[in-house]
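A.B. asks: One structure coming up, written as structure tokens, with questions to follow.
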Amino acid sequence: MALVVLGTAAATWVAWPRPAAHLRVERGGTAYLVDALGRTTALPETVHVAARGRGTTVRVENRDTTWQQLGLFGAAAGTTRDFTVPERGRYAGYCSAHRSRGRLVYVVE
């Protein structure tokens with residue numbers, strides 16, 4: 001029985017839909033990319049996103065106490081939002097987490 005439960009849990013974890021990119025802003029405005037295992041790396045000025053089918057999902061998780069704008073996508077304080085990029089391409093916009101240059105580019109390929 002335990003093997004059935006464990007196998008079902010593993011299959012669900014592997015098959016569960018995930019965003020192509022997950023960006024997290026911590027308190028204080030520091031932003032990170034989050035991988036499928038929950039590991040984080042500092043948010044670069046250019047984010048490469050693997051295109052998935054008809055629409056590619058980018059998740060913005062804002063743990064900060066103020067609105068954050070990450071390129072084209074923004075999220076209110078304490079919220080998580082999913083955005084769909086309709087096609088491959090290069091998308092750029094203002095980024096509140098990159099205070100020096102103030103820009104974030106998504107390359108969906």
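For the structure tokens, the naming scheme is as follows: chains receive sequential letters (A, B, ...) according to their order of presentation, residues are indexed from 1 within each chain, and ligands are indexed from 1 in presentation order.
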Based on the backbone DSSP call, show me all residues of region 3-97 of chain A assigned helix (DSSP H, G or I), as a ChimeraX atom specification.

C.D. replies: /A:3-15

A.B. asks: May I have the residues from that selection written out with N, CA and C atoms, as a tab-separated table (two decimals), in the first residue's frame?

C.D. replies:
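Written output follows (again.tsv):
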```tsv
chain	number	residue	atom	x	y	z
A	3	LEU	N	3.82	1.62	-1.18
A	3	LEU	CA	4.43	1.80	-2.50
A	3	LEU	C	3.45	2.43	-3.49
A	4	VAL	N	2.18	2.07	-3.39
A	4	VAL	CA	1.17	2.65	-4.26
A	4	VAL	C	1.03	4.14	-3.99
A	5	VAL	N	0.95	4.49	-2.72
A	5	VAL	CA	0.84	5.90	-2.33
A	5	VAL	C	2.08	6.67	-2.77
A	6	LEU	N	3.25	6.12	-2.53
A	6	LEU	CA	4.50	6.76	-2.91
A	6	LEU	C	4.59	6.91	-4.43
A	7	GLY	N	4.23	5.87	-5.17
A	7	GLY	CA	4.25	5.93	-6.62
A	7	GLY	C	3.28	6.96	-7.18
A	8	THR	N	2.09	7.03	-6.60
A	8	THR	CA	1.10	8.01	-7.03
A	8	THR	C	1.58	9.43	-6.75
A	9	ALA	N	2.16	9.63	-5.58
A	9	ALA	CA	2.68	10.96	-5.23
A	9	ALA	C	3.80	11.37	-6.18
A	10	ALA	N	4.70	10.45	-6.50
A	10	ALA	CA	5.81	10.76	-7.41
A	10	ALA	C	5.29	11.08	-8.80
A	11	ALA	N	4.34	10.30	-9.30
A	11	ALA	CA	3.78	10.53	-10.63
A	11	ALA	C	3.06	11.87	-10.69
A	12	THR	N	2.34	12.21	-9.64
A	12	THR	CA	1.65	13.49	-9.59
A	12	THR	C	2.64	14.64	-9.59
A	13	TRP	N	3.71	14.53	-8.82
A	13	TRP	CA	4.72	15.59	-8.75
A	13	TRP	C	5.36	15.81	-10.12
A	14	VAL	N	5.66	14.74	-10.82
A	14	VAL	CA	6.30	14.85	-12.13
A	14	VAL	C	5.34	15.43	-13.17
A	15	ALA	N	4.08	15.02	-13.14
A	15	ALA	CA	3.11	15.41	-14.15
A	15	ALA	C	2.42	16.74	-13.87
```

A.B. asks: Write out as number ranges by chain each polymer residue whose atoms come within 12 Å of Asp35 (chain A), counting only C-alpha atoms; drop sequence neighbours fewer than 4 positions from it.

C.D. replies: A: 18-24, 39-43, 49, 59

A.B. asks: Can you pull out every residue from chain A that DSSP, working from the backbone, puts in strand (DSSP E), and format the result as JSON, numbers by chain?

C.D. replies: {"A": [21, 22, 23, 24, 25, 31, 32, 33, 34, 40, 41, 42, 46, 47, 48, 49, 56, 57, 58, 59, 60, 61, 62, 68, 69, 70, 73, 74, 75, 80, 81, 82, 83, 84, 85, 89, 90, 91, 92, 93, 94, 103, 104, 105, 106, 107, 108]}

A.B. asks: Could you please determine the separation between CA of Val25 (chain A) and CA of Arg90 (chain A) in Å, to one decimal place?

C.D. replies: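 Computing the Euclidean distance for CA of Val25 (chain A) and CA of Arg90 (chain A) yields 21.9 Å.
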
A.B. asks: Under the rule that only C-alpha atoms are counted, which of A:Gly78, A:Gly102, A:Gly38, A:Gly93 is the nearest residue to Thr66 (chain A)?

C.D. replies: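 Result for the nearest residue to Thr66 (chain A): A:Gly78.
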
A.B. asks: Would you compute the distance between CA of Thr46 (chain A) and CA of Gln68 (chain A)? Give it in Å to one decimal.

C.D. replies: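 These atoms are spaced 17.0 Å apart.
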
A.B. asks: Between A:Ala77, A:Arg63, A:Gly71, A:Gly89, which residue has the minimum interatomic distance to Pro44 (chain A), considering only C-alpha atoms?

C.D. replies: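 Closest to Pro44 (chain A) of all the choices is A:Gly71.
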
A.B. asks: CA of Ala75 (chain A) and CA of Val60 (chain A) are how many Å apart?

C.D. replies: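 These two atoms are separated by 6.7 Å.
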
A.B. asks: Find, counting only C-alpha atoms, the residue in A:Ala76, A:Ala2, A:Val85, A:Leu37 that gets nearest to Gly53 (chain A).

C.D. replies: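 Among the listed residues, A:Val85 lies closest to Gly53 (chain A).
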
A.B. asks: With only C-alpha atoms as the atoms that count, which of A:Ala31, A:Val58, A:Val108, A:Arg52 lies nearest to Phe83 (chain A)?

C.D. replies: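 Distance minimum relative to Phe83 (chain A) lands on A:Val58.
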
A.B. asks: When distances are computed from only C-alpha atoms, which of A:Ala51, A:Leu104, A:Glu45, A:Glu87 shows the smallest separation from Gly74 (chain A)?

C.D. replies: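 Using only C-alpha atoms, Gly74 (chain A) sits closest to A:Leu104.
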
A.B. asks: Find the residue from A:Met1, A:Leu72, A:Arg27, A:Pro86 that sits nearest to Glu109 (chain A); use only C-alpha atoms when measuring.

C.D. replies: A:Pro86
